[in-house]
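Have a look at the structure below, then the notes.
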Amino acid sequence: MTDYLGFEREDGEYKVMGMAPYGDTNRINFDHIIYWNNASYHCNDDYVWVTRNNRAHVDKVYSKKMVKEFGPERTGDGLSEPYIDIAAATQKKLEDMTLKLVDTYLSDILKRCGNLVFAGGCALNVTLNRKLIEHPLVKFLWVQPASHDAGTSLGAAIYAAKDAGEDIKPMKHVYLGPAFTNSEIENTLKESGFLYTKENDITEAVAELIKDSNIVGWFQGRMEWGPRALGNRSILGNPVIAGTADRINAIIKFRENWRPFCPSILKEYAPEIIDSDHPAEFMTLSFKVSDKWRNKIPEVVHVDGTLRPQVVEKEINPLYYRLIHRFYEKTGIPVLINTSLNRRGEPMVCSPKDAVVMFKESGLEYLAIGDYLARKPLA
């Protein structure tokens with residue numbers, strides 16, 4: 001379905017999830033394509049993962065029959081019918097089949113412990129994860145933060161370590177990548193030709209910029225492992241000011257304008273905002289936004305009234321926590337827009353050189369990198 005909806009198969013599934021809330025599940029019936037029978041789900045291979053002769057295109061895995069029944073494949077970046085309804089029906093089927101699997105195979109153990117650990121590509125579907133949290137037998141859901149194929153490396157290492165007798169502790173963060181010194185950063189900035197200053201307190205300078213509606217690239221400490229920017233390789237904005245998300249999409253990320261952005265939230269205020277005290281440190285879960293906050297932070301609330309938060313703890317990322325707290329002191333809002341420091345189709349930046357190239361080739365006007373604040377000259 002990702003393929004059919006015009007996204008890249010095995011990469012763009014999260015876009016189908018993001019499109020789904022715009023559609024109506026009642027307008028499309030997929031009961032003949034995927035269905036539950038004899039304690040498992042079944043896919044109709046007249047429609048999906050079809051043999052080569054029956055494919056709509058040689059490099060696709062859906063059939064000519066599906067195109068005939070539902071219409072031509074989606075093209076372009078916009079939202080339109082029936083594609084938004086097809087996305088909605090696809091998301092609903094994923095949820096239905098997963099919940100049936102949980103009920104069929106995990107009910108007994110969940111009744112005893114209530115704890116569910118979820119990994120694999122589908123575990124990055126935050127809408128599905130919200131349904132799992134709401135399941136009456138699930139008291140606590142933990143989702144591996146790099147649940148795509150990259151996570152198998154960690155799983156293999158943990159398996160070997162456990163087998164060797166090591167004590168495996170819960171994962172508290174994913175700041176496992178490279179870090180760079182101020183000296184390395186300044187050398188890169190000197191070569192870049194950009195204006196820059198060394199700040200006494202980078203969090204104060206950036207909080208003031210974001211308060212005044214500026215969008216800032218934020219490059220600090222060790223890079224995150226996994227697909228989510230968690231405050232070390234991020235683009236940050238003001239969640240209160242209307243149009244901020246559209247600006248990030250249009251001049252920096254160069255991506256579809258209907259795609260939602262996520263918030264980073266100070267831990268103390270998260271239960272009030274998401275109506276839950278469930279841990280949510282990795283942006284792998286979604287929650288309904290409380291009525292009190294829905295209109296306060298519109299730029300991080302999706303069309304269905306949900307958000308996918310990173311709850312930030314002082315002990316885990318003190319610098320990023322201090323930045324959000326500075327912003328809170330200035331605005332009364334303990335939330336920032338947080339999206340990954342990259343452009344559409346590119347990986348998250350890793351090194352200072354990567355950050356400078358991205359800064360140069362996007363509409364970003366400020367880059368906070370280490371203790372330095374780089375600026376583009378005024379036009």
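Following the order of the structure tokens, first chain is A, next is B, and so on, with residues numbered from 1 inside each chain and ligands from 1 in the order they appear.
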Write out as an MDAnalysis selection string the residues lying within 9 Å of Pro239 (chain A), counting only C-alpha atoms and excluding same-chain residues fewer than 3 positions away.
-> chainID A and resid 242 244:245 263 296:300 333 335:337
Residues as selected, C-alpha atoms, written as a compact mmCIF listing (two decimals), in the first residue's frame, can you do that?
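Final output, result_12.txt:
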# COMPACT_ATOMS: atom_id res chain seq x y z
CA ALA A 242 0.95 29.58 13.41
CA THR A 244 6.01 27.58 11.80
CA ALA A 245 5.56 23.97 10.70
CA PRO A 263 7.21 18.09 20.21
CA LYS A 296 -1.88 26.24 22.89
CA ILE A 297 0.61 24.26 20.80
CA PRO A 298 -1.14 23.88 17.42
CA GLU A 299 2.04 23.38 15.39
CA VAL A 300 2.74 19.97 16.96
CA ILE A 333 5.28 26.89 27.07
CA VAL A 335 7.41 22.52 24.50
CA LEU A 336 9.49 22.93 21.33
CA ILE A 337 8.92 21.70 17.79
Polymer residues at most 12 Å from Thr339 (chain A), only C-alpha atoms, same-chain spacing of 5 or more positions, as number ranges by chain | A: 215-218, 227-239, 245, 248-249, 252-253, 259-264, 283, 299-300, 308-310, 344, 348
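One distance worth recording is that between CA of Ala157 (chain A) and CA of Gly120 (chain A), which is 16.4 Å.
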Counting only C-alpha atoms, the option among A:Asp31, A:Asp85, A:Glu365, A:Glu8 closest to Asp59 (chain A) = A:Glu8
Which polymer residues have any atom within 9 Å of an atom of region 286-294 of chain A, counting only C-alpha atoms, with same-chain residues fewer than 6 positions away left out, as a PyMOL selection string?
-> chain A and resi 126-130+272-276+280+301+304-309
Which residue out of A:Ala88, A:Val349, A:Leu209, A:Leu195 has the minimum interatomic distance to Ala179 (chain A) when only C-alpha atoms are used?
-> A:Val349
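Across A:Gly12, A:Pro136, A:Gly121, A:Gly6, the tightest approach to Asp77 (chain A) is made by A:Gly6 when counting only C-alpha atoms.
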Pick out each residue of region 1-226 of chain A that DSSP on the backbone tags as helix (DSSP H, G or I); I need them as a PyMOL selection string.
-> chain A and resi 13-22+25-27+52-54+64-70+83-105+107-113+121-124+126-133+151-163+182-192+202-211
Counting only C-alpha atoms, which residues of region 13-93 of chain A fall within 10 Å of region 100-110 of chain A, and what is the closest atom pair for each with its distance in Å at one decimal, ordered by chain and rising number, as a tab-separated table?
residue	atom	partner	partner_atom	distance
A:Trp36	CA	A:Lys100	CA	8.2
A:Ala39	CA	A:Thr104	CA	6.8
A:Ser40	CA	A:Leu101	CA	7.2
A:Tyr41	CA	A:Leu101	CA	8.4
Within 12 Å of Ala20 (chain A), counting only C-alpha atoms, which residues show up once you throw out same-chain ones fewer than 5 positions away? Write them as an MDAnalysis selection string, please.
-> chainID A and resid 1:2 5 13:15 25 79:94 125 127:128 258:260 302:304
Which neighbours of Glu346 (chain A) fall inside 12 Å, counting only C-alpha atoms, when residues of the same chain fewer than 3 positions from it are skipped, and could you give them as a list in words?
-> Pro227, Lys253, Phe254, Arg255, Ser340, Leu341, Asn342, Arg343, Val349, Cys350, Asp354, Ala355, Val357 and Met358 of chain A
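Shortest atom-to-atom contact with Phe7 (chain A) among A:Val174, A:Arg27, A:Gly345, A:Lys68: A:Gly345, counting only C-alpha atoms.
Using only C-alpha atoms, the nearest neighbour of Met19 (chain A) within the list A:Ser213, A:Asn53, A:Asn257, A:Ser147 is A:Asn257.
If you look at CA of Arg322 (chain A) and CA of Val240 (chain A), they are 19.1 Å away from each other.
With CA of Pro72 (chain A) on one side and CA of Pro21 (chain A) on the other, the separation reads 21.4 Å.
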